[in-house]
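Working notes for the structure below.
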2 protein chains.
Amino acid sequence: MPKGITREKVVEAALELLDDKGIEGVTVRALAERLDVRAPALYWHLRNKQELLDEMSTTVLRRIADELPPPGSDWREDLAAYARVLRAEYLRHRDGARTFSGARVSDPELVVRVKEPLYQSWTKAGLTLQEADDALDVVVAFVVGFVIEEQERLQSADADPTRYSLAERDAGLGEHAPLTKDAGHLRDSSEERFERHLGIVLDGLAARHVRRDPPPRPRRTR
Amino acid sequence: MPKGITREKVVEAALELLDDKGIEGVTVRALAERLDVRAPALYWHLRNKQELLDEMSTTVLRRIADELPPPGSDWREDLAAYARVLRAEYLRHRDGARTFSGARVSDPELVVRVKEPLYQSWTKAGLTLQEADDALDVVVAFVVGFVIEEQERLQSADADPTRYSLAERDAGLGEHAPLTKDAGHLRDSSEERFERHLGIVLDGLAARHVRRDPPPRPRRTR
DNA sequence: ACCTGAACACCGTTCAAGT
DNA sequence: ACCTGAACACCGTTCAAGT
């Protein structure tokens with residue numbers, strides 16, 4: 001491996017380390033070893049560990065921005081696409097949701113690159129800017145919460161397969177919790193639940209919009 | 001201070017330490033000092049630090065369960081109450097949302113205590129068990145995501161008041177982002193946004209329910 | 001049963017010194 | 001400009017030994 005360490009390569013290596021060892025394993029020393037330098041070398045390229053974490057989050061957000069399709073004719077579809085891309089990128093990395101959510105994004109331009117076209121398109125389609133802003137925030141909050149829970153479940157199932165097994169769960173639950181028990185059994189796959197729950201959130205946005213603010217009928221010029 | 005350290009007192013002290021110093025400050029050594037013992041003493045009462053964190057989460061969830069009003073006649077109100085209590089308890093502790101969300105709850109009986117009465121009440125009111133389960137999950141996901149973002153913003157504003165100031169933000173944003181800029185200005189208080197966004201989510205649940213499964217008209221016996 | 005002292009293998013970070 | 005060696009003030013955890 002050639003030795004020219006750059007800021008970008010450090011961040012990239014940190015993301016690989018995250019996938020291999022989880023967030024607890026992302027230490028300055030382990031990262032240095034992976035890059036074949038001594039730990040203090042990293043401080044030439046980054047101010048401190050927090051800056052490293054911020055850069056990791058920014059890199060992931062940049063990928064999200066790149067994968068996002070351009071806005072179409074339906075704000076509902078734009079939001080669904082955003083939600084799916086966000087979830088996919090979080091799931092792609094071990095501890096992704098916890099690590100990247102609520103992160104400080106070092107590049108404000110990036111936020112604009114994601115938001116501005118959506119706001120543009122949606123306000124043109126009849127949403128108020130408030131509605132557009134709310135829509136994005138509600139969907140992001142939902143996705144973050146969903147994936148944190150989902151990933152915790154997935155990862156503990158990996159570590160300890162009995163932990164989320166239905167049989168274990170039922171045994172621990174006792175007799176006076178029939179509905180909680182039944183609810184556990186009707187849980188479908190993560191994928192289906194995500195799509196259904198996302199649909200619920202989008203329905204809520206649609207309900208508000210339709211109730212408050214029917215879009216103006218297009219006028220024909222003749 | 002009397003010296004009888006118990007598991008409960010350790011967890012309580014850990015929550016105080018969390019509020020004082022944040023999650024980074026919750027170390028075994030600092031906790032021991034606060035309890036006036038040496039660090040290894042804590043390992044008599046807890047298997048390891050993870051167990052401490054699990055117990056902290058469980059304690060908070062127990063408080064949530066205690067504060068929850070009994071289910072009423074309107075599932076929408078039950079959910080709103082749950083969402084508000086959850087948010088309030090997370091906000092009550094520094095780094096609360098990140099620390100307690102997606103946590104391993106050591107006491108399964110506690111989950112039942114929260115869920116079973118709600119499932120009972122809602123299915124009696126005409127929801128399917130699937131709808132009831134989805135409703136709880138969607139609302140919890142939304143609250144977790146909302147408060148993670150909210151708390152990150154609140155706490156960085158405390159640490160560095162320029163960070164989220166509108167003037168700073170506008171300056172960094174450039175000319176080609178008018179809508180993103182305007183959206184920043186129409187942001188109202190956390191409280192209002194939370195209530196409005198919660199309303200959106202609840203509308204979504206109502207929309208699904210009404211569309212799929214109108215509740216049976218009550219029949220009068222005479 | 002409950003706690004301490006000493007130790008182990010780690011952390012993030014600084015800084016003078018090297019090239 | 002970029003990196004190292006040595007050091008500092010920390011971590012979580014174990015374990016023999018004390019009471």
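Residues in the structure tokens are numbered from 1 in each chain, the chains being A, B, ... in the order shown, and ligands are numbered from 1 in the order shown.
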Give me, as a tab-separated table, each residue of chain B that comes within 7 Å of chain A, together with its shortest interatomic pair and the distance in Å at one decimal, counting only C-alpha atoms, with rows ordered by chain and rising residue number.
residue	atom	partner	partner_atom	distance
B:Gly102	CA	A:Glu149	CA	5.1
B:Pro108	CA	A:Leu173	CA	6.9
B:Glu109	CA	A:Leu173	CA	6.8
B:Val112	CA	A:Ala177	CA	6.4
B:Lys115	CA	A:Thr180	CA	6.7
B:Glu116	CA	A:Thr180	CA	5.8
B:Tyr119	CA	A:Leu179	CA	6.5
B:Leu129	CA	A:Ala183	CA	6.5
B:Gln130	CA	A:Ala183	CA	6.8
B:Asp133	CA	A:Ala183	CA	6.5
B:Val138	CA	A:His197	CA	6.2
B:Ala141	CA	A:Gly145	CA	3.9
B:Phe142	CA	A:Phe142	CA	4.3
B:Val144	CA	A:Gly145	CA	5.1
B:Gly145	CA	A:Ala141	CA	3.9
B:Phe146	CA	A:Ala141	CA	5.0
B:Ile148	CA	A:Gly102	CA	6.2
B:Glu149	CA	A:Gly102	CA	5.1
B:Glu152	CA	A:Gly102	CA	6.1
B:Leu173	CA	A:Glu109	CA	6.8
B:Ala177	CA	A:Glu116	CA	6.1
B:Leu179	CA	A:Glu116	CA	6.3
B:Thr180	CA	A:Glu116	CA	5.8
B:Ala183	CA	A:Leu129	CA	6.5
B:His197	CA	A:Val138	CA	6.2
B:Ile200	CA	A:Gly204	CA	4.8
B:Val201	CA	A:Gly204	CA	5.4
B:Leu202	CA	A:Gly204	CA	6.8
B:Asp203	CA	A:Gly204	CA	4.6
B:Gly204	CA	A:Gly204	CA	3.4
B:Leu205	CA	A:Ile200	CA	5.8
B:Ala207	CA	A:Asp203	CA	6.6
B:Arg208	CA	A:Ile200	CA	6.7
Restricted to C-alpha atoms, what would the selected residues look like written as a compact mmCIF listing (two decimals), in the first residue's frame?
# COMPACT_ATOMS: atom_id res chain seq x y z
CA GLY B 102 -32.97 1.37 20.64
CA PRO B 108 -39.92 -7.62 29.41
CA GLU B 109 -42.80 -7.27 31.87
CA VAL B 112 -46.23 -5.58 28.42
CA LYS B 115 -48.45 -2.16 25.35
CA GLU B 116 -51.11 -4.56 26.54
CA TYR B 119 -53.75 -2.98 22.39
CA LEU B 129 -54.09 -5.83 16.15
CA GLN B 130 -51.87 -5.18 13.16
CA ASP B 133 -49.00 -2.56 16.50
CA VAL B 138 -44.76 4.42 13.72
CA ALA B 141 -40.09 5.82 15.40
CA PHE B 142 -41.25 9.35 14.70
CA VAL B 144 -37.21 8.94 18.46
CA GLY B 145 -36.17 10.53 15.19
CA PHE B 146 -37.67 13.88 16.10
CA ILE B 148 -32.62 12.92 18.34
CA GLU B 149 -32.56 15.79 15.88
CA GLU B 152 -28.70 17.58 18.94
CA LEU B 173 -25.99 29.38 2.24
CA ALA B 177 -30.80 28.43 -2.25
CA LEU B 179 -36.21 28.21 -0.60
CA THR B 180 -33.87 26.47 1.82
CA ALA B 183 -37.65 27.55 5.08
CA HIS B 197 -45.71 16.75 13.03
CA ILE B 200 -49.48 14.55 10.61
CA VAL B 201 -48.45 11.06 11.71
CA LEU B 202 -51.74 10.51 13.52
CA ASP B 203 -53.65 11.68 10.45
CA GLY B 204 -51.82 9.03 8.47
CA LEU B 205 -52.88 6.32 10.87
CA ALA B 207 -56.48 7.71 7.02
CA ARG B 208 -55.39 4.09 6.76
What residues in chain D have any atom no more than 10 Å from chain B when counting only C-alpha atoms (C1' of nucleotides), and can you write them as an NGL selection string? :D and (11-14)
Computed interatomic separation between CA of Leu52 in chain A and CA of Val26 in chain A (Å): 10.0 Å
